[in-house]
$ cat upload_6.txt   # compact mmCIF, C-alpha atoms and all ligand atoms
# COMPACT_ATOMS: atom_id res chain seq x y z
CA MET A 79 -31.35 15.29 -21.64
CA ALA A 80 -28.46 13.96 -19.55
CA ALA A 81 -26.71 16.59 -17.42
CA LYS A 82 -23.38 17.73 -18.88
CA PRO A 83 -20.51 16.66 -16.62
CA ASP A 84 -19.11 19.61 -14.65
CA ALA A 85 -15.67 20.35 -16.14
CA ARG A 86 -14.60 21.81 -12.82
CA VAL A 87 -14.80 18.37 -11.21
CA PRO A 88 -11.85 16.19 -12.25
CA ARG A 89 -12.86 12.94 -13.89
CA HIS A 90 -9.62 11.24 -12.97
CA ILE A 91 -7.57 11.91 -9.83
CA ALA A 92 -4.23 10.30 -8.96
CA ILE A 93 -2.74 10.49 -5.47
CA VAL A 94 0.77 9.85 -4.17
CA MET A 95 -0.18 8.85 -0.63
CA ASP A 96 3.00 10.05 1.07
CA GLY A 97 3.94 10.82 4.67
CA ASN A 98 2.94 7.68 6.59
CA GLY A 99 6.42 7.14 8.02
CA ARG A 100 6.79 10.73 9.23
CA TRP A 101 3.28 10.64 10.71
CA ALA A 102 4.29 7.62 12.79
CA LYS A 103 7.64 9.17 13.71
CA GLN A 104 5.89 12.23 15.10
CA ARG A 105 4.08 9.84 17.44
CA LEU A 106 7.27 7.92 18.30
CA ARG A 107 5.82 4.81 16.70
CA PRO A 108 7.26 2.45 14.03
CA ARG A 109 6.73 3.37 10.37
CA THR A 110 4.26 0.53 9.86
CA PHE A 111 1.95 2.21 12.38
CA GLY A 112 1.69 5.04 9.85
CA HIS A 113 0.88 2.65 7.02
CA HIS A 114 -1.95 1.17 9.08
CA ALA A 115 -3.28 4.63 9.92
CA GLY A 116 -3.16 5.57 6.24
CA GLN A 117 -5.88 3.04 5.39
CA LYS A 118 -8.53 5.30 6.88
CA ALA A 119 -7.52 8.05 4.46
CA VAL A 120 -7.91 5.60 1.58
CA ARG A 121 -11.51 4.97 2.65
CA THR A 122 -12.06 8.72 2.94
CA ALA A 123 -10.70 9.31 -0.57
CA VAL A 124 -12.92 6.59 -2.06
CA GLU A 125 -16.05 7.97 -0.33
CA PHE A 126 -15.15 11.47 -1.43
CA CYS A 127 -14.77 10.42 -5.09
CA LEU A 128 -18.06 8.51 -5.00
CA GLN A 129 -19.84 11.58 -3.58
CA ARG A 130 -18.33 13.97 -6.12
CA GLY A 131 -18.92 11.72 -9.11
CA VAL A 132 -15.24 11.30 -9.97
CA ALA A 133 -14.88 8.48 -12.52
CA SER A 134 -11.39 7.22 -11.64
CA LEU A 135 -9.14 7.34 -8.60
CA THR A 136 -5.59 6.05 -8.97
CA LEU A 137 -3.66 5.53 -5.75
CA PHE A 138 0.10 4.99 -5.49
CA ALA A 139 0.40 2.28 -2.84
CA PHE A 140 3.81 0.74 -3.58
CA SER A 141 6.37 1.91 -6.10
CA SER A 142 8.84 -0.27 -7.98
CA GLU A 143 11.51 1.52 -5.91
CA ASN A 144 9.86 0.73 -2.56
CA TRP A 145 11.37 -2.81 -2.63
CA SER A 146 14.56 -1.04 -1.51
CA ARG A 147 13.07 -0.36 1.92
CA PRO A 148 14.04 -2.49 4.93
CA ALA A 149 12.77 -6.06 4.50
CA THR A 150 10.65 -5.77 7.65
CA GLU A 151 8.79 -2.74 6.26
CA VAL A 152 8.26 -4.40 2.86
CA SER A 153 6.83 -7.55 4.43
CA ALA A 154 4.61 -5.51 6.77
CA LEU A 155 3.24 -3.69 3.73
CA MET A 156 2.57 -6.98 1.90
CA GLU A 157 0.73 -8.28 4.96
CA LEU A 158 -1.27 -5.09 5.13
CA PHE A 159 -2.27 -5.30 1.45
CA LEU A 160 -3.42 -8.88 1.91
CA LYS A 161 -5.53 -8.04 4.97
CA ALA A 162 -6.91 -4.87 3.40
CA ILE A 163 -8.12 -6.79 0.34
CA ASP A 164 -9.85 -9.37 2.57
CA ARG A 165 -11.43 -6.69 4.72
CA GLU A 166 -12.40 -3.98 2.26
CA VAL A 167 -13.48 -5.66 -0.97
CA ASP A 168 -17.04 -6.54 0.20
CA GLU A 169 -17.85 -2.94 1.02
CA LEU A 170 -16.15 -1.53 -2.09
CA HIS A 171 -18.06 -4.02 -4.21
CA GLY A 172 -21.30 -3.04 -2.44
CA ASN A 173 -20.60 0.58 -3.32
CA GLY A 174 -20.11 -0.21 -7.01
CA VAL A 175 -16.34 0.30 -6.99
CA ARG A 176 -14.33 -1.45 -9.69
CA ILE A 177 -10.91 -2.32 -8.30
CA ARG A 178 -7.85 -2.70 -10.48
CA PHE A 179 -4.28 -3.34 -9.40
CA VAL A 180 -1.92 -1.72 -11.88
CA GLY A 181 1.79 -2.44 -12.05
CA ASP A 182 3.98 -5.47 -12.51
CA LEU A 183 2.05 -8.00 -10.42
CA GLU A 184 4.44 -10.85 -11.26
CA ALA A 185 6.74 -9.80 -8.41
CA PHE A 186 4.17 -10.53 -5.69
CA ALA A 187 3.75 -13.77 -3.75
CA PRO A 188 1.22 -16.12 -5.41
CA GLU A 189 -1.24 -15.76 -2.51
CA LEU A 190 -1.30 -11.97 -2.71
CA ARG A 191 -1.46 -12.00 -6.50
CA ALA A 192 -4.40 -14.40 -6.38
CA ARG A 193 -6.24 -12.05 -3.99
CA MET A 194 -5.56 -9.09 -6.29
CA LEU A 195 -6.79 -10.95 -9.36
CA GLY A 196 -9.84 -12.18 -7.38
CA ALA A 197 -10.78 -8.65 -6.33
CA MET A 198 -10.39 -7.38 -9.90
CA GLU A 199 -12.50 -10.20 -11.29
CA ARG A 200 -15.22 -9.85 -8.67
CA THR A 201 -15.65 -6.11 -9.13
CA SER A 202 -15.15 -6.02 -12.90
CA GLY A 203 -18.80 -5.22 -13.62
CA ASN A 204 -18.96 -2.17 -11.32
CA ILE A 205 -19.27 1.33 -12.72
CA ALA A 206 -19.66 3.83 -9.84
CA LEU A 207 -15.90 4.44 -9.49
CA ASN A 208 -12.73 2.98 -10.97
CA MET A 209 -10.26 2.52 -8.15
CA ASN A 210 -6.80 1.77 -9.49
CA VAL A 211 -4.24 0.72 -6.93
CA ALA A 212 -0.71 1.13 -8.26
CA VAL A 213 1.52 -1.58 -6.80
CA ASN A 214 5.03 -2.40 -7.92
CA TYR A 215 4.28 0.38 -10.37
CA GLY A 216 6.76 2.69 -12.04
CA GLY A 217 5.98 5.23 -14.75
CA ARG A 218 9.01 4.17 -16.76
CA TRP A 219 7.97 0.52 -16.44
CA ASP A 220 4.49 1.45 -17.76
CA ILE A 221 5.98 3.14 -20.85
CA ALA A 222 8.53 0.38 -21.49
CA ASN A 223 5.82 -2.28 -21.02
CA ALA A 224 3.53 -0.47 -23.46
CA ALA A 225 6.37 -0.29 -25.99
CA ARG A 226 7.01 -4.03 -25.66
CA LEU A 227 3.30 -4.91 -25.98
CA ALA A 228 3.00 -2.63 -29.01
CA ALA A 229 6.06 -4.22 -30.64
CA GLU A 230 4.57 -7.68 -30.05
CA ALA A 231 1.27 -6.61 -31.60
CA ALA A 232 3.13 -5.15 -34.59
CA ALA A 233 5.10 -8.38 -34.96
CA ARG A 234 1.78 -10.27 -35.06
CA GLY A 235 0.84 -8.03 -37.97
CA GLU A 236 -1.89 -6.05 -36.16
CA PHE A 237 -0.42 -2.79 -37.47
CA SER A 238 2.79 -1.61 -39.09
CA LEU A 239 5.49 0.15 -37.04
CA ALA A 240 4.88 3.28 -39.14
CA GLU A 241 1.37 3.35 -37.60
CA LEU A 242 2.70 3.31 -34.03
CA ASP A 243 1.76 6.84 -32.96
CA GLU A 244 1.00 8.39 -29.52
CA GLN A 245 -2.59 7.25 -29.53
CA ARG A 246 -1.69 3.67 -30.31
CA LEU A 247 1.12 3.53 -27.76
CA ASN A 248 -1.25 5.02 -25.19
CA SER A 249 -3.65 2.15 -25.77
CA PHE A 250 -1.03 -0.22 -24.31
CA THR A 251 -0.43 1.79 -21.12
CA CYS A 252 -2.00 0.84 -17.79
CA LEU A 253 -4.93 3.25 -17.59
CA ALA A 254 -5.72 3.56 -21.30
CA ASP A 255 -9.42 2.74 -20.98
CA GLN A 256 -10.05 5.44 -18.36
CA PRO A 257 -10.51 9.20 -18.62
CA PRO A 258 -7.30 11.22 -19.06
CA LEU A 259 -5.64 12.16 -15.79
CA ASP A 260 -6.96 15.58 -14.66
CA LEU A 261 -5.54 16.07 -11.18
CA PHE A 262 -2.35 14.76 -9.55
CA ILE A 263 -2.21 15.16 -5.78
CA ARG A 264 0.84 14.48 -3.60
CA THR A 265 0.53 14.63 0.17
CA GLY A 266 3.42 14.73 2.64
CA GLY A 267 5.18 17.87 1.43
CA GLU A 268 7.55 16.55 -1.25
CA ARG A 269 7.33 18.25 -4.63
CA ARG A 270 8.24 15.34 -6.87
CA VAL A 271 6.60 12.68 -9.01
CA SER A 272 8.72 9.70 -7.80
CA ASN A 273 8.21 7.72 -11.04
CA PHE A 274 4.40 7.71 -10.80
CA LEU A 275 2.27 8.18 -13.94
CA LEU A 276 4.89 9.76 -16.22
CA TRP A 277 3.04 9.24 -19.50
CA GLN A 278 -0.39 10.14 -18.09
CA LEU A 279 0.86 13.31 -16.35
CA ALA A 280 1.42 15.22 -19.62
CA TYR A 281 -1.50 17.63 -19.08
CA ALA A 282 -2.59 16.87 -15.52
CA GLU A 283 -2.90 19.70 -13.01
CA LEU A 284 -0.47 19.27 -10.11
CA TYR A 285 -1.43 19.83 -6.47
CA PHE A 286 0.88 19.46 -3.50
CA THR A 287 -0.06 19.59 0.16
CA ASP A 288 2.07 19.32 3.30
CA THR A 289 -0.65 17.28 5.03
CA LEU A 290 0.67 13.80 5.84
CA TRP A 291 -1.41 11.02 4.24
CA PRO A 292 -2.95 9.61 7.48
CA ASP A 293 -4.21 13.14 8.30
CA VAL A 294 -6.02 13.56 4.97
CA ASP A 295 -9.74 14.10 5.43
CA GLN A 296 -12.68 15.24 3.29
CA ALA A 297 -11.81 18.92 3.86
CA CYS A 298 -8.28 18.41 2.60
CA LEU A 299 -9.54 16.73 -0.58
CA ALA A 300 -12.22 19.41 -1.01
CA GLU A 301 -9.45 22.03 -0.91
CA ALA A 302 -7.59 20.22 -3.70
CA LEU A 303 -10.74 20.14 -5.83
CA ASP A 304 -11.48 23.83 -5.15
CA ASP A 305 -7.95 24.66 -6.26
CA TYR A 306 -8.43 22.53 -9.39
CA ALA A 307 -11.73 24.26 -10.18
CA ARG A 308 -9.89 27.61 -10.36
CA ARG A 309 -7.28 26.40 -12.86
CA GLU A 310 -7.42 27.39 -16.48
CA ARG A 311 -6.45 24.42 -18.63
CA ARG A 312 -5.13 25.88 -21.85
CA TYR A 313 -3.53 22.88 -23.61
CA GLY A 314 -1.22 25.21 -25.48
CA ARG A 315 -3.87 27.73 -26.46
CA THR A 316 -4.17 31.31 -25.20
CA GLY A 317 -6.45 32.36 -22.36
CA GLU A 318 -8.58 34.32 -24.84
CA GLN A 319 -9.08 31.25 -27.00
CA VAL A 320 -10.13 29.24 -23.95
CA ALA A 321 -12.62 31.93 -22.90
CA ALA A 322 -14.11 31.98 -26.39
CA GLY A 323 -14.68 28.20 -26.10
C1 LIG B 1 4.04 6.49 1.72
O1 LIG B 1 4.51 6.92 2.95
C2 LIG B 1 3.63 5.03 1.74
C3 LIG B 1 4.50 4.14 0.95
C4 LIG B 1 5.52 4.48 0.22
C5 LIG B 1 4.17 2.73 1.00
P1 LIG B 1 6.05 6.81 3.33
O2 LIG B 1 6.28 5.49 3.95
O3 LIG B 1 6.89 7.13 2.16
O4 LIG B 1 6.16 7.95 4.43
P2 LIG B 1 7.37 8.97 4.63
O5 LIG B 1 7.59 9.68 3.31
O6 LIG B 1 8.57 8.16 5.02
O7 LIG B 1 6.90 9.88 5.70
C1 LIG B 2 6.17 7.38 -3.48
O1 LIG B 2 6.54 7.74 -2.21
C2 LIG B 2 5.55 6.01 -3.47
C3 LIG B 2 4.28 5.87 -2.74
C4 LIG B 2 3.62 6.80 -2.13
C5 LIG B 2 3.72 4.56 -2.77
P1 LIG B 2 8.04 7.55 -1.68
O2 LIG B 2 8.04 8.03 -0.28
O3 LIG B 2 8.50 6.16 -1.91
O4 LIG B 2 8.86 8.52 -2.63
P2 LIG B 2 10.33 9.13 -2.43
O5 LIG B 2 11.23 7.98 -2.11
O6 LIG B 2 10.27 10.10 -1.31
O7 LIG B 2 10.62 9.81 -3.73
MG MG B 3 7.66 8.85 1.44
$ encode --input "upload_6.txt" --output "C-alpha cells" --more "lines below"
Ligand code: IPE
Ligand code: IPE
Ligand code: MG
Amino acid sequence: MAAKPDARVPRHIAIVMDGNGRWAKQRLRPRTFGHHAGQKAVRTAVEFCLQRGVASLTLFAFSSENWSRPATEVSALMELFLKAIDREVDELHGNGVRIRFVGDLEAFAPELRARMLGAMERTSGNIALNMNVAVNYGGRWDIANAARLAAEAAARGEFSLAELDEQRLNSFTCLADQPPLDLFIRTGGERRVSNFLLWQLAYAELYFTDTLWPDVDQACLAEALDDYARRERRYGRTGEQVAAG
C-alpha cells in the first residue's frame, strides 16, 4: 500500500523572496548585488522541497508592480533571469523539476520569453517538483485573467454563466492544476502580501520571517515547516471537530 502523504508537510509552498536590496545595502553594495546573491537561496529552496517531498514551490520573482523600479534595476533583473535560465535549467531538469513561469509573459522581450517557453516545454514531463516562477505576476491580474478566460469559454458555449462557480473560475487561474496552497512564506520582515496569490491564499497558512532572502538557508526553511506542522487547520470547523477527524 502506498504511504499516506504526511499532512504536516505542506504540498504547496509559495515564497515572497524579499530583502535582496536591503541585504546589499548592509554590505554597501548596489541592489543588484543582492539579487545575484539571492539565486543561491533559490537553489537551496528547490533542494529543500525535493528532499521533503513538497509537490509545488511557487516563487515570486518579479511582480507586476516591480516595473516601477529604476530602469537600471529592471534591466539588471531581466539580464539575471535570462542568465539564470541558461545556467540552471540543465540541473533542474536532471533533478526532475518541472518549471513553469506564471504571470503575464507578453510584457517580456521576445528573447527572454522564448527562453521561458523553452524551459517550460523541456521540463514539462518532470514530476519530482513543480517549480512555478511568478514573473510579471499580480494576484489581481490572475483573477481578472481567469474571469476573462471563463467569459470567453462561456461565450463559446462551453458552459452557461449560471454555471460559473468558484470551482470553475478556479480552473482558469494560474496554478489550478496544482495542489491548493498550504504555506505562504515571506522573508525580509514585511508583513504584507504585495499582490501575490490573492485567490490561492484563501486558506493558506502565513509565515513571516525577518531573515533577508539571500540569507535563507535550509535551517530557516526547516523552521517554517516546523511552525506549519504545529498549526491546526480548521477550515471553519471547531478544534473538537478537527480532532475527531
Ligand atoms: C525582492 O527583494 C526581489 C525583487 C522584488 C525582485 P527587494 O529588491 O524587494 O529587496 P528589498 O525589499 O528592497 O530589501
Ligand atoms: C514583492 O516584493 C515582489 C517580489 C518579491 C518579487 P516587493 O519588495 O516588490 O514588495 P513591496 O513593494 O515591498 O510591497
Ligand atoms: Mg522588497
$ residues_near_ligand --input "upload_6.txt" --ligand "ligand LIG 1 (chain B)" --cutoff "6 Å" --atoms "all atoms listed in the file" --output "PyMOL selection string"
chain A and resi 95-100+139-140
$ residues_around --input "upload_6.txt" --residues "A:Glu184" --least-positions-apart "5" --cutoff "12 Å" --atoms "all atoms listed in the file" --output "MDAnalysis selection string"
chainID A and resid 142 179 189:192 194:195 213:215
$ residues_around --input "upload_6.txt" --residues "A:Arg193" --least-positions-apart "6" --cutoff "8 Å" --atoms "all atoms listed in the file" --output "JSON, numbers by chain"
{"A": [160, 163, 164]}
$ closest_residue --input "upload_6.txt" --among "A:Arg312, A:Arg178, A:His171, A:Arg246" --to "A:Ser134" --atoms "all atoms listed in the file"
A:Arg178
$ residues_around --input "upload_6.txt" --residues "A:Leu279" --least-positions-apart "4" --cutoff "8 Å" --atoms "only C-alpha atoms" --output "JSON, numbers by chain"
{"A": [259, 262, 275]}
$ closest_atom_pairs --input "upload_6.txt" --of "chain A" --to "ligand LIG 2 (chain B)" --cutoff "12 Å" --atoms "only C-alpha atoms and all ligand atoms" --output "JSON lines"
{"residue": "A:Ala92", "atom": "CA", "partner": "B:LIG2", "partner_atom": "C4", "distance": 11.0}
{"residue": "A:Ile93", "atom": "CA", "partner": "B:LIG2", "partner_atom": "C4", "distance": 8.1}
{"residue": "A:Val94", "atom": "CA", "partner": "B:LIG2", "partner_atom": "C4", "distance": 4.6}
{"residue": "A:Met95", "atom": "CA", "partner": "B:LIG2", "partner_atom": "C4", "distance": 4.6}
{"residue": "A:Asp96", "atom": "CA", "partner": "B:LIG2", "partner_atom": "C4", "distance": 4.6}
{"residue": "A:Gly97", "atom": "CA", "partner": "B:LIG2", "partner_atom": "O2", "distance": 7.0}
{"residue": "A:Asn98", "atom": "CA", "partner": "B:LIG2", "partner_atom": "O2", "distance": 8.6}
{"residue": "A:Gly99", "atom": "CA", "partner": "B:LIG2", "partner_atom": "O2", "distance": 8.5}
{"residue": "A:Arg100", "atom": "CA", "partner": "B:LIG2", "partner_atom": "O2", "distance": 10.0}
{"residue": "A:Arg109", "atom": "CA", "partner": "B:LIG2", "partner_atom": "O2", "distance": 11.7}
{"residue": "A:His113", "atom": "CA", "partner": "B:LIG2", "partner_atom": "C5", "distance": 10.4}
{"residue": "A:Gly116", "atom": "CA", "partner": "B:LIG2", "partner_atom": "C4", "distance": 10.8}
{"residue": "A:Thr136", "atom": "CA", "partner": "B:LIG2", "partner_atom": "C5", "distance": 11.3}
{"residue": "A:Leu137", "atom": "CA", "partner": "B:LIG2", "partner_atom": "C5", "distance": 8.0}
{"residue": "A:Phe138", "atom": "CA", "partner": "B:LIG2", "partner_atom": "C5", "distance": 4.5}
{"residue": "A:Ala139", "atom": "CA", "partner": "B:LIG2", "partner_atom": "C5", "distance": 4.0}
{"residue": "A:Phe140", "atom": "CA", "partner": "B:LIG2", "partner_atom": "C5", "distance": 3.9}
{"residue": "A:Ser141", "atom": "CA", "partner": "B:LIG2", "partner_atom": "C2", "distance": 4.9}
{"residue": "A:Ser142", "atom": "CA", "partner": "B:LIG2", "partner_atom": "C2", "distance": 8.4}
{"residue": "A:Glu143", "atom": "CA", "partner": "B:LIG2", "partner_atom": "O3", "distance": 6.8}
{"residue": "A:Asn144", "atom": "CA", "partner": "B:LIG2", "partner_atom": "O3", "distance": 5.6}
{"residue": "A:Trp145", "atom": "CA", "partner": "B:LIG2", "partner_atom": "O3", "distance": 9.4}
{"residue": "A:Ser146", "atom": "CA", "partner": "B:LIG2", "partner_atom": "O3", "distance": 9.4}
{"residue": "A:Arg147", "atom": "CA", "partner": "B:LIG2", "partner_atom": "O3", "distance": 8.8}
{"residue": "A:Val152", "atom": "CA", "partner": "B:LIG2", "partner_atom": "C5", "distance": 11.5}
{"residue": "A:Leu155", "atom": "CA", "partner": "B:LIG2", "partner_atom": "C5", "distance": 10.5}
{"residue": "A:Gly181", "atom": "CA", "partner": "B:LIG2", "partner_atom": "C5", "distance": 11.8}
{"residue": "A:Val211", "atom": "CA", "partner": "B:LIG2", "partner_atom": "C5", "distance": 9.8}
{"residue": "A:Ala212", "atom": "CA", "partner": "B:LIG2", "partner_atom": "C5", "distance": 7.8}
{"residue": "A:Val213", "atom": "CA", "partner": "B:LIG2", "partner_atom": "C5", "distance": 7.7}
{"residue": "A:Asn214", "atom": "CA", "partner": "B:LIG2", "partner_atom": "C5", "distance": 8.8}
{"residue": "A:Tyr215", "atom": "CA", "partner": "B:LIG2", "partner_atom": "C5", "distance": 8.7}
{"residue": "A:Gly216", "atom": "CA", "partner": "B:LIG2", "partner_atom": "C2", "distance": 9.3}
{"residue": "A:Gly217", "atom": "CA", "partner": "B:LIG2", "partner_atom": "C2", "distance": 11.3}
{"residue": "A:Ile263", "atom": "CA", "partner": "B:LIG2", "partner_atom": "C4", "distance": 10.8}
{"residue": "A:Arg264", "atom": "CA", "partner": "B:LIG2", "partner_atom": "C4", "distance": 8.3}
{"residue": "A:Thr265", "atom": "CA", "partner": "B:LIG2", "partner_atom": "C4", "distance": 8.7}
{"residue": "A:Gly266", "atom": "CA", "partner": "B:LIG2", "partner_atom": "O2", "distance": 8.6}
{"residue": "A:Gly267", "atom": "CA", "partner": "B:LIG2", "partner_atom": "O6", "distance": 9.7}
{"residue": "A:Glu268", "atom": "CA", "partner": "B:LIG2", "partner_atom": "O6", "distance": 7.0}
{"residue": "A:Arg269", "atom": "CA", "partner": "B:LIG2", "partner_atom": "O7", "distance": 9.1}
{"residue": "A:Arg270", "atom": "CA", "partner": "B:LIG2", "partner_atom": "O7", "distance": 6.8}
{"residue": "A:Val271", "atom": "CA", "partner": "B:LIG2", "partner_atom": "O7", "distance": 7.2}
{"residue": "A:Ser272", "atom": "CA", "partner": "B:LIG2", "partner_atom": "O7", "distance": 4.5}
{"residue": "A:Asn273", "atom": "CA", "partner": "B:LIG2", "partner_atom": "C1", "distance": 7.8}
{"residue": "A:Phe274", "atom": "CA", "partner": "B:LIG2", "partner_atom": "C1", "distance": 7.5}
{"residue": "A:Leu275", "atom": "CA", "partner": "B:LIG2", "partner_atom": "C2", "distance": 11.2}
{"residue": "A:Leu290", "atom": "CA", "partner": "B:LIG2", "partner_atom": "C4", "distance": 11.0}
{"residue": "A:Trp291", "atom": "CA", "partner": "B:LIG2", "partner_atom": "C4", "distance": 9.1}
{"residue": "A:Pro292", "atom": "CA", "partner": "B:LIG2", "partner_atom": "C4", "distance": 12.0}
$ closest_residue --input "upload_6.txt" --among "A:Ala197, A:Leu207, A:Ala85, A:Ala102" --to "ligand MG 3 (chain B)" --atoms "all atoms listed in the file"
A:Ala102
$ atom_distance --input "upload_6.txt" --atom1 "atom CA of A:Glu199" --atom2 "atom CA of A:Val175"
12.0 Å
$ axis_aligned_box --input "upload_6.txt" --around "stretch 307-317 of chain A" --padding-each-side "4 Å" --output "AutoDock Vina command-line options"
--center_x -6.5 --center_y 27.6 --center_z -18.3 --size_x 18.5 --size_y 17.5 --size_z 24.3
$ atom_distance --input "upload_6.txt" --atom1 "atom CA of A:Ala133" --atom2 "atom CA of A:Pro88"
8.3 Å
$ residues_around --input "upload_6.txt" --residues "A:Asp220" --least-positions-apart "5" --cutoff "9 Å" --atoms "only C-alpha atoms" --output "PyMOL selection string"
chain A and resi 181-182+215+225+250-252+275-277
$ closest_residue --input "upload_6.txt" --among "A:Tyr281, A:Val87, A:Thr201, A:Gly112" --to "ligand MG 3 (chain B)" --atoms "only C-alpha atoms and all ligand atoms"
A:Gly112
$ atom_distance --input "upload_6.txt" --atom1 "atom CA of A:Ala123" --atom2 "atom CA of A:Ala297"
10.6 Å
$ residues_near_point --input "upload_6.txt" --point "(-7.3, 20.5, 3.4)" --cutoff "12 Å" --atoms "only C-alpha atoms" --output "JSON, numbers by chain"
{"A": [263, 265, 285, 286, 287, 288, 289, 290, 291, 293, 294, 295, 296, 297, 298, 299, 300, 301, 302, 303, 304, 305]}
$ closest_residue --input "upload_6.txt" --among "A:Leu106, A:Trp101, A:Glu169, A:Val124" --to "ligand MG 3 (chain B)" --atoms "all atoms listed in the file"
A:Trp101
